[in-house]
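Here's coords-v4.cif, which has mmCIF, C-alpha atoms and all ligand atoms:
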```
data_query
#
loop_
_atom_site.label_atom_id
_atom_site.label_comp_id
_atom_site.auth_asym_id
_atom_site.auth_seq_id
_atom_site.Cartn_x
_atom_site.Cartn_y
_atom_site.Cartn_z
CA MET S 1 129.83 99.25 96.46
CA PRO S 2 128.15 100.48 93.31
CA GLU S 3 125.42 102.99 94.05
CA LEU S 4 122.06 103.00 92.37
CA PRO S 5 123.04 105.16 89.38
CA GLU S 6 125.87 102.74 88.58
CA VAL S 7 123.49 99.80 88.67
CA GLU S 8 121.05 101.65 86.44
CA THR S 9 123.92 102.46 84.08
CA ILE S 10 124.82 98.77 83.89
CA ARG S 11 121.19 97.87 83.23
CA ARG S 12 120.91 100.33 80.36
CA GLY S 13 124.29 99.39 78.96
CA LEU S 14 123.64 95.65 78.96
CA LEU S 15 120.25 95.91 77.26
CA LYS S 16 121.64 96.16 73.77
CA TYR S 17 124.03 93.24 74.26
CA ILE S 18 122.06 90.54 76.02
CA VAL S 19 118.34 91.07 75.37
CA HIS S 20 116.98 88.48 72.90
CA ARG S 21 120.10 86.38 73.32
CA LYS S 22 119.80 82.73 74.27
CA ILE S 23 121.72 81.16 77.13
CA ASP S 24 123.56 78.22 75.58
CA ASP S 25 125.45 77.16 78.67
CA VAL S 26 126.37 78.26 82.17
CA GLU S 27 129.77 77.64 83.69
CA VAL S 28 129.86 77.92 87.47
CA LEU S 29 133.38 78.55 88.78
CA CYS S 30 132.28 79.36 92.32
CA GLU S 31 129.31 77.47 93.77
CA LYS S 32 128.11 80.19 96.11
CA SER S 33 127.99 82.80 93.36
CA LEU S 34 125.09 81.11 91.55
CA VAL S 35 122.09 80.25 93.70
CA GLY S 36 119.80 77.71 92.02
CA GLU S 37 120.16 75.02 89.38
CA LYS S 38 121.88 76.21 86.26
CA GLU S 39 120.10 73.53 84.19
CA LYS S 40 116.90 75.51 84.61
CA ILE S 41 118.18 78.45 82.61
CA VAL S 42 120.13 76.72 79.85
CA GLY S 43 118.22 77.17 76.59
CA ALA S 44 116.23 80.16 77.85
CA GLU S 45 116.05 83.45 76.00
CA ILE S 46 116.64 86.77 77.76
CA LEU S 47 113.59 89.01 77.43
CA GLY S 48 114.66 92.13 79.28
CA ILE S 49 116.44 93.64 82.26
CA THR S 50 114.72 95.56 85.03
CA ARG S 51 115.95 96.81 88.38
CA LYS S 52 114.74 96.80 91.96
CA GLY S 53 116.94 98.91 94.18
CA LYS S 54 120.48 97.77 93.48
CA ALA S 55 119.41 94.36 92.17
CA LEU S 56 119.28 93.71 88.45
CA LEU S 57 116.55 91.37 87.26
CA VAL S 58 117.30 89.56 84.03
CA GLU S 59 113.99 88.19 82.80
CA LEU S 60 113.92 84.91 80.90
CA ASP S 61 111.27 83.46 78.58
CA ASN S 62 110.63 80.48 80.88
CA GLY S 63 109.17 82.39 83.82
CA LEU S 64 112.47 82.61 85.66
CA VAL S 65 114.53 85.63 86.58
CA LEU S 66 118.24 85.99 87.24
CA MET S 67 118.55 88.32 90.18
CA VAL S 68 122.02 89.85 90.19
CA HIS S 69 123.38 91.57 93.25
CA LEU S 70 126.85 93.04 92.79
CA ARG S 71 127.47 93.99 96.42
CA MET S 72 131.06 95.19 97.09
CA THR S 73 133.10 93.93 94.17
CA GLY S 74 130.71 92.37 91.65
CA GLN S 75 131.00 93.06 87.94
CA LEU S 76 129.05 92.14 84.85
CA ILE S 77 131.16 92.11 81.73
CA PHE S 78 129.85 91.26 78.30
CA LEU S 79 132.33 90.09 75.72
CA GLY S 80 131.19 89.66 72.16
CA LYS S 81 131.89 91.71 69.07
CA GLU S 82 131.95 94.62 71.51
CA ARG S 83 132.79 94.80 75.16
CA PHE S 84 130.68 96.28 77.91
CA ALA S 85 131.73 96.35 81.55
CA GLY S 86 129.97 97.54 84.66
CA GLY S 87 130.25 97.28 88.41
CA HIS S 88 133.30 97.52 90.65
CA PRO S 89 135.94 99.10 88.41
CA ASN S 90 139.29 97.37 88.08
CA GLU S 91 141.54 95.93 85.40
CA ASN S 92 138.99 93.21 84.64
CA PHE S 93 137.18 95.83 82.59
CA VAL S 94 139.91 95.50 79.99
CA ASP S 95 141.73 92.26 80.85
CA GLU S 96 141.33 88.86 79.29
CA LEU S 97 138.51 86.82 80.82
CA PRO S 98 137.78 84.49 82.53
CA ASN S 99 140.34 85.11 85.25
CA LYS S 100 140.65 84.20 88.91
CA GLN S 101 137.87 86.61 89.89
CA THR S 102 135.38 85.10 87.44
CA ARG S 103 132.58 83.26 89.28
CA VAL S 104 130.00 82.48 86.62
CA VAL S 105 130.16 82.52 82.83
CA PHE S 106 126.93 82.71 80.85
CA ARG S 107 127.61 81.53 77.33
CA LEU S 108 125.14 83.28 75.08
CA ASP S 109 124.51 82.58 71.42
CA ASP S 110 126.32 85.80 70.60
CA GLY S 111 128.99 86.36 73.23
CA LYS S 112 129.68 85.67 76.88
CA LEU S 113 128.52 87.38 80.03
CA PHE S 114 130.97 87.17 82.93
CA PHE S 115 129.99 87.60 86.54
CA ASN S 116 133.20 88.51 88.36
CA ASP S 117 133.36 89.07 92.08
CA GLN S 118 136.66 89.37 93.90
CA ARG S 119 135.25 89.21 97.42
CA LYS S 120 132.29 86.89 96.69
CA PHE S 121 129.64 88.89 98.53
CA GLY S 122 127.62 89.30 95.35
CA PHE S 123 125.53 86.59 93.72
CA VAL S 124 123.25 85.61 90.90
CA LYS S 125 120.07 83.92 92.08
CA ILE S 126 117.63 82.01 89.89
CA ILE S 127 114.07 82.71 91.05
CA GLU S 128 110.51 82.49 89.76
CA LYS S 129 109.29 85.81 88.39
CA ASP S 130 106.31 85.73 90.78
CA GLU S 131 108.67 85.38 93.72
CA VAL S 132 110.65 88.56 93.06
CA GLU S 133 108.33 90.72 95.15
CA ASN S 134 108.69 88.32 98.07
CA GLU S 135 112.45 88.65 98.29
CA PRO S 136 113.02 90.10 101.77
CA PHE S 137 115.25 92.98 100.65
CA ILE S 138 112.90 93.95 97.83
CA LYS S 139 109.91 93.93 100.19
CA LYS S 140 111.50 96.45 102.49
CA LEU S 141 112.87 98.78 99.80
CA ALA S 142 111.80 102.37 100.31
CA LYS S 143 110.78 104.52 97.37
CA GLU S 144 113.43 105.91 95.06
CA PRO S 145 113.55 109.68 94.45
CA TRP S 146 111.58 109.22 91.21
CA GLU S 147 108.76 107.48 93.05
CA MET S 148 108.81 109.68 96.15
CA ASP S 149 106.33 112.49 96.60
CA GLY S 150 107.46 115.68 98.41
CA GLN S 151 104.56 115.67 100.84
CA GLU S 152 105.11 112.03 101.75
CA PHE S 153 108.83 112.63 102.22
CA PHE S 154 108.09 115.61 104.47
CA GLU S 155 105.79 113.50 106.66
CA THR S 156 108.43 110.79 106.97
CA LEU S 157 111.05 113.38 107.97
CA GLN S 158 108.78 114.89 110.62
CA LYS S 159 108.66 111.55 112.43
CA LYS S 160 112.44 111.13 112.41
CA LYS S 161 114.74 112.79 114.89
CA VAL S 162 118.03 112.51 113.05
CA THR S 163 120.11 114.73 110.80
CA ILE S 164 118.92 115.18 107.23
CA LYS S 165 122.17 113.59 106.07
CA ALA S 166 121.44 110.43 108.09
CA ALA S 167 117.86 110.33 106.80
CA LEU S 168 118.95 110.60 103.17
CA LEU S 169 121.45 107.80 103.65
CA ASP S 170 118.85 105.59 105.35
CA GLN S 171 117.64 103.14 102.70
CA ASN S 172 114.41 102.64 104.65
CA VAL S 173 113.58 106.35 104.27
CA ILE S 174 114.51 106.94 100.62
CA ALA S 175 116.29 104.39 98.45
CA GLY S 176 119.35 104.85 96.32
CA LEU S 177 121.17 107.89 97.68
CA GLY S 178 124.70 107.04 98.73
CA ASN S 179 127.19 109.38 100.32
CA ILE S 180 128.10 111.35 97.19
CA TYR S 181 124.52 111.88 96.05
CA THR S 182 123.41 112.89 99.52
CA ASP S 183 126.05 115.63 99.75
CA GLU S 184 125.29 116.85 96.25
CA THR S 185 121.55 116.94 96.92
CA LEU S 186 122.02 118.96 100.09
CA TYR S 187 124.42 121.32 98.34
CA MET S 188 121.91 121.89 95.57
CA THR S 189 119.16 122.72 98.06
CA LYS S 190 121.44 124.85 100.30
CA ILE S 191 120.59 122.76 103.35
CA ASN S 192 123.14 122.11 106.07
CA PRO S 193 123.73 118.35 106.42
CA LYS S 194 123.42 118.56 110.21
CA THR S 195 119.89 120.01 110.09
CA ARG S 196 117.47 117.88 112.08
CA THR S 197 114.77 116.24 109.98
CA ASP S 198 111.94 117.75 112.03
CA LYS S 199 113.28 121.21 111.19
CA ILE S 200 112.99 120.61 107.44
CA SER S 201 110.05 122.51 105.94
CA LEU S 202 107.59 121.10 103.44
CA ALA S 203 109.06 123.34 100.74
CA GLN S 204 112.55 122.05 101.55
CA ALA S 205 111.39 118.43 101.54
CA LYS S 206 109.95 118.96 98.08
CA GLU S 207 113.15 120.62 96.90
CA ILE S 208 115.22 117.72 98.23
CA VAL S 209 113.21 115.15 96.29
CA VAL S 210 113.52 117.16 93.08
CA ALA S 211 117.24 117.77 93.61
CA ALA S 212 117.86 114.09 94.39
CA ARG S 213 116.25 113.12 91.09
CA GLU S 214 118.37 115.65 89.23
CA VAL S 215 121.56 114.48 90.89
CA MET S 216 120.81 110.83 90.15
CA ASN S 217 119.78 111.51 86.56
CA LYS S 218 122.94 113.48 85.94
CA SER S 219 125.01 110.67 87.36
CA ILE S 220 123.27 108.08 85.19
CA GLU S 221 123.86 110.24 82.11
CA LEU S 222 127.54 110.37 82.96
CA GLY S 223 127.68 106.63 83.43
CA GLY S 224 127.71 106.45 87.21
CA SER S 225 130.38 107.42 89.67
CA THR S 226 133.33 105.67 91.11
CA ILE S 227 135.61 107.68 93.31
CA LYS S 228 139.07 106.67 92.21
CA ASN S 229 140.57 105.11 89.14
CA TYR S 230 137.42 105.28 87.19
CA VAL S 231 137.89 102.87 84.31
CA LYS S 232 135.36 103.36 81.57
CA ALA S 233 133.96 100.49 79.54
CA ASP S 234 136.37 101.26 76.72
CA GLY S 235 139.35 101.00 79.09
CA THR S 236 140.14 104.70 79.37
CA ARG S 237 140.20 106.44 82.72
CA GLY S 238 138.07 109.41 83.57
CA ASN S 239 137.48 111.52 86.64
CA TYR S 240 133.79 111.45 87.04
CA LEU S 241 133.77 113.58 90.15
CA ASP S 242 135.34 116.50 88.26
CA LEU S 243 132.37 116.47 85.92
CA PHE S 244 129.76 115.88 88.50
CA ALA S 245 130.40 116.93 92.08
CA LYS S 246 130.02 120.52 93.27
CA ALA S 247 130.75 119.75 96.93
CA TYR S 248 131.76 116.12 97.37
CA GLY S 249 135.53 115.66 97.39
CA ARG S 250 136.19 119.41 97.12
CA GLU S 251 137.43 120.17 100.62
CA GLY S 252 139.19 123.57 100.76
CA GLU S 253 138.01 124.59 97.30
CA LYS S 254 135.84 127.61 96.59
CA CYS S 255 132.10 127.11 96.33
CA GLU S 256 131.20 127.89 92.73
CA ARG S 257 127.89 129.36 93.84
CA CYS S 258 128.93 131.82 96.55
CA GLY S 259 132.72 131.75 96.69
CA GLY S 260 132.65 130.36 100.24
CA LYS S 261 134.78 127.45 101.35
CA ILE S 262 133.83 123.79 100.98
CA LYS S 263 134.36 122.07 104.32
CA LYS S 264 134.61 118.43 105.22
CA ILE S 265 133.05 117.28 108.47
CA ARG S 266 131.65 114.04 109.84
CA VAL S 267 127.89 113.60 109.91
CA ALA S 268 126.06 110.29 110.38
CA GLY S 269 129.46 108.62 110.58
CA ARG S 270 130.35 109.65 107.04
CA GLY S 271 132.73 112.17 105.53
CA THR S 272 130.45 115.03 104.55
CA TYR S 273 131.18 117.97 102.25
CA TYR S 274 129.23 121.21 102.32
CA CYS S 275 129.66 124.95 101.82
CA GLU S 276 129.93 126.73 105.13
CA GLU S 277 128.57 129.94 103.60
CA CYS S 278 125.52 128.95 101.57
CA GLN S 279 124.48 125.82 103.50
CA LYS S 280 123.96 127.40 106.89
ZN ZN A 301 128.48 128.33 98.82
#
```

Go through the file and emit its structure as structure tokens.
Ligand SMILES: [Zn+2]
Amino acid sequence: MPELPEVETIRRGLLKYIVHRKIDDVEVLCEKSLVGEKEKIVGAEILGITRKGKALLVELDNGLVLMVHLRMTGQLIFLGKERFAGGHPNENFVDELPNKQTRVVFRLDDGKLFFNDQRKFGFVKIIEKDEVENEPFIKKLAKEPWEMDGQEFFETLQKKKVTIKAALLDQNVIAGLGNIYTDETLYMTKINPKTRTDKISLAQAKEIVVAAREVMNKSIELGGSTIKNYVKADGTRGNYLDLFAKAYGREGEKCERCGGKIKKIRVAGRGTYYCEECQK
């Protein structure tokens, strides 16, 4: 599943290719992947792309919005004079398209936008712009680190009786931090992942919010993470975690801060990496 920084990376990347393009035609290869009548969007111009949580909102000039949810295996790939690919990384990033994982093809006046989705949990939904806020999952989205205030976060944590790791992963507490970003945020703030939320001080809560923003921003700058076989938009492979993670995925390695050992344990049901020396 792409995490929030990946979705933001896709949003930023697609801007230059699809904004101000007109949708000439829509080819639906899998009925359930496009919710709504395609006729409503043919002829419309794309005005911009915004994001709510992990949903991308492609705004059209006719009052409608294409809400794209990539879920587990969704991808958006633009093919024109240049190629831009985002979402679940696999050979589709460089292969010829459409292929058997292609669900919807948006024919633009200057290229094609492919919505691929191997497992079909993702979708593109045509909705009225005014209705976006009423979408159930958008209504219940918690604040993202950029919107969250340290004091408010502290108060939320005081009411919880779980580990800080579980709280950071809980999308109803703070939105957008997946497993990697949670571990990196806690490493940065020297907080043990098993610490109970009601033991977190106000100063620590503030530090967590700031660190979470830093971690997410860094990830967005690097183009988002994907654990294995990271295929970049130009088809080359890169190991994002080498560039990014100080704790995550580094079991047995030396902590670059204190020389202690990075350990892997299970917290909140997830593999969790931390330094046993400086995150006591
Ligand atoms: Zn350390």

Set the cut-off to 10 Å, count only C-alpha atoms and all ligand atoms, and list whatever residues fall near ligand ZN 301 (chain A) as a list of chain:residue names.
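Using only C-alpha atoms and all ligand atoms, I find these residues within 10 Å of ligand ZN 301 (chain A): S:Tyr187, S:Met188, S:Lys190, S:Lys246, S:Ala247, S:Lys254, S:Cys255, S:Glu256, S:Arg257, S:Cys258, S:Gly259, S:Gly260, S:Lys261, S:Ile262, S:Tyr274, S:Cys275, S:Glu276, S:Glu277, S:Cys278, S:Gln279, S:Lys280.
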
Using only C-alpha atoms, which protein or nucleic acid residues come within 10 Å of segment 167-172 of chain S? Drop anything in the same chain fewer than 3 positions from it, and give the result as JSON, numbers by chain.
{"S": [53, 140, 141, 142, 143, 144, 156, 157, 160, 161, 162, 163, 164, 175, 176, 177, 178, 179, 180, 181, 182, 183, 185, 186, 193, 196, 197, 208, 212, 268, 270]}

Export of the given selection (C-alpha atoms) as a PDB file, in the frame of the given file:
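Okay, result-v5.pdb is ready:
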```
ATOM      1  CA  GLY S  53     116.940  98.910  94.180  1.00  0.00           C
ATOM      2  CA  LYS S 140     111.500  96.450 102.490  1.00  0.00           C
ATOM      3  CA  LEU S 141     112.870  98.780  99.800  1.00  0.00           C
ATOM      4  CA  ALA S 142     111.800 102.370 100.310  1.00  0.00           C
ATOM      5  CA  LYS S 143     110.780 104.520  97.370  1.00  0.00           C
ATOM      6  CA  GLU S 144     113.430 105.910  95.060  1.00  0.00           C
ATOM      7  CA  THR S 156     108.430 110.790 106.970  1.00  0.00           C
ATOM      8  CA  LEU S 157     111.050 113.380 107.970  1.00  0.00           C
ATOM      9  CA  LYS S 160     112.440 111.130 112.410  1.00  0.00           C
ATOM     10  CA  LYS S 161     114.740 112.790 114.890  1.00  0.00           C
ATOM     11  CA  VAL S 162     118.030 112.510 113.050  1.00  0.00           C
ATOM     12  CA  THR S 163     120.110 114.730 110.800  1.00  0.00           C
ATOM     13  CA  ILE S 164     118.920 115.180 107.230  1.00  0.00           C
ATOM     14  CA  ALA S 175     116.290 104.390  98.450  1.00  0.00           C
ATOM     15  CA  GLY S 176     119.350 104.850  96.320  1.00  0.00           C
ATOM     16  CA  LEU S 177     121.170 107.890  97.680  1.00  0.00           C
ATOM     17  CA  GLY S 178     124.700 107.040  98.730  1.00  0.00           C
ATOM     18  CA  ASN S 179     127.190 109.380 100.320  1.00  0.00           C
ATOM     19  CA  ILE S 180     128.100 111.350  97.190  1.00  0.00           C
ATOM     20  CA  TYR S 181     124.520 111.880  96.050  1.00  0.00           C
ATOM     21  CA  THR S 182     123.410 112.890  99.520  1.00  0.00           C
ATOM     22  CA  ASP S 183     126.050 115.630  99.750  1.00  0.00           C
ATOM     23  CA  THR S 185     121.550 116.940  96.920  1.00  0.00           C
ATOM     24  CA  LEU S 186     122.020 118.960 100.090  1.00  0.00           C
ATOM     25  CA  PRO S 193     123.730 118.350 106.420  1.00  0.00           C
ATOM     26  CA  ARG S 196     117.470 117.880 112.080  1.00  0.00           C
ATOM     27  CA  THR S 197     114.770 116.240 109.980  1.00  0.00           C
ATOM     28  CA  ILE S 208     115.220 117.720  98.230  1.00  0.00           C
ATOM     29  CA  ALA S 212     117.860 114.090  94.390  1.00  0.00           C
ATOM     30  CA  ALA S 268     126.060 110.290 110.380  1.00  0.00           C
ATOM     31  CA  ARG S 270     130.350 109.650 107.040  1.00  0.00           C
TER      32      ARG S 270
END
```

Residue contacts of segment 13-24 of chain S (10 Å, only C-alpha atoms) excluding same-chain residues fewer than 4 positions away, as a PyMOL selection string
chain S and resi 7-9+41-50+58-61+76-86+106-113+223+233

Near segment 25-35 of chain S, within 9 Å and counting only C-alpha atoms, which residues show up once chain neighbours fewer than 5 positions away are dropped, as a PyMOL selection string?
chain S and resi 41-43+102-108+115+117+120-127

Please save C-alpha atoms of the selected residues as a compact mmCIF listing (two decimals), in the coordinates of the input.
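Done, and the output landed in out-v8.txt:
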```txt
# COMPACT_ATOMS: atom_id res chain seq x y z
CA ILE S 41 118.18 78.45 82.61
CA VAL S 42 120.13 76.72 79.85
CA GLY S 43 118.22 77.17 76.59
CA THR S 102 135.38 85.10 87.44
CA ARG S 103 132.58 83.26 89.28
CA VAL S 104 130.00 82.48 86.62
CA VAL S 105 130.16 82.52 82.83
CA PHE S 106 126.93 82.71 80.85
CA ARG S 107 127.61 81.53 77.33
CA LEU S 108 125.14 83.28 75.08
CA PHE S 115 129.99 87.60 86.54
CA ASP S 117 133.36 89.07 92.08
CA LYS S 120 132.29 86.89 96.69
CA PHE S 121 129.64 88.89 98.53
CA GLY S 122 127.62 89.30 95.35
CA PHE S 123 125.53 86.59 93.72
CA VAL S 124 123.25 85.61 90.90
CA LYS S 125 120.07 83.92 92.08
CA ILE S 126 117.63 82.01 89.89
CA ILE S 127 114.07 82.71 91.05
```

Shortest interatomic distance to Gly269 of chain S - which of S:Thr73, S:Lys194, S:Glu37, S:Asn99, counting only C-alpha atoms:
S:Lys194

Quick one: pull the distance between atom CA of Lys263 of chain S and atom CA of Thr195 of chain S, Å, one decimal.
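Those two atoms sit 15.7 Å apart.
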
Just to confirm, what's the straight-line distance from atom CA of Lys52 of chain S to atom CA of Tyr248 of chain S in Å (one decimal)?
26.3 Å

Listed atoms of segment 129-147 of chain S, axis-aligned box, 3 Å per side: centre and edge lengths to one decimal in Å, as AutoDock Vina command-line options?
```
--center_x 110.8 --center_y 97.5 --center_z 95.4 --size_x 14.9 --size_y 30.3 --size_z 20.1
```

I'd like the interatomic distance between atom CA of Arg71 of chain S and atom CA of Asp149 of chain S, to a tenth of an Å.
28.1 Å

Just checking: using all atoms listed in the file, which residue out of S:Tyr273, S:Phe244, S:Leu4, S:Asn134 ends up closest to Ile191 of chain S?
S:Tyr273

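The shortest atom-to-atom distance to Phe114 of chain S, with only C-alpha atoms taken into account, belongs to S:Lys100 out of S:Arg250, S:Arg12, S:Lys100, S:Lys54.
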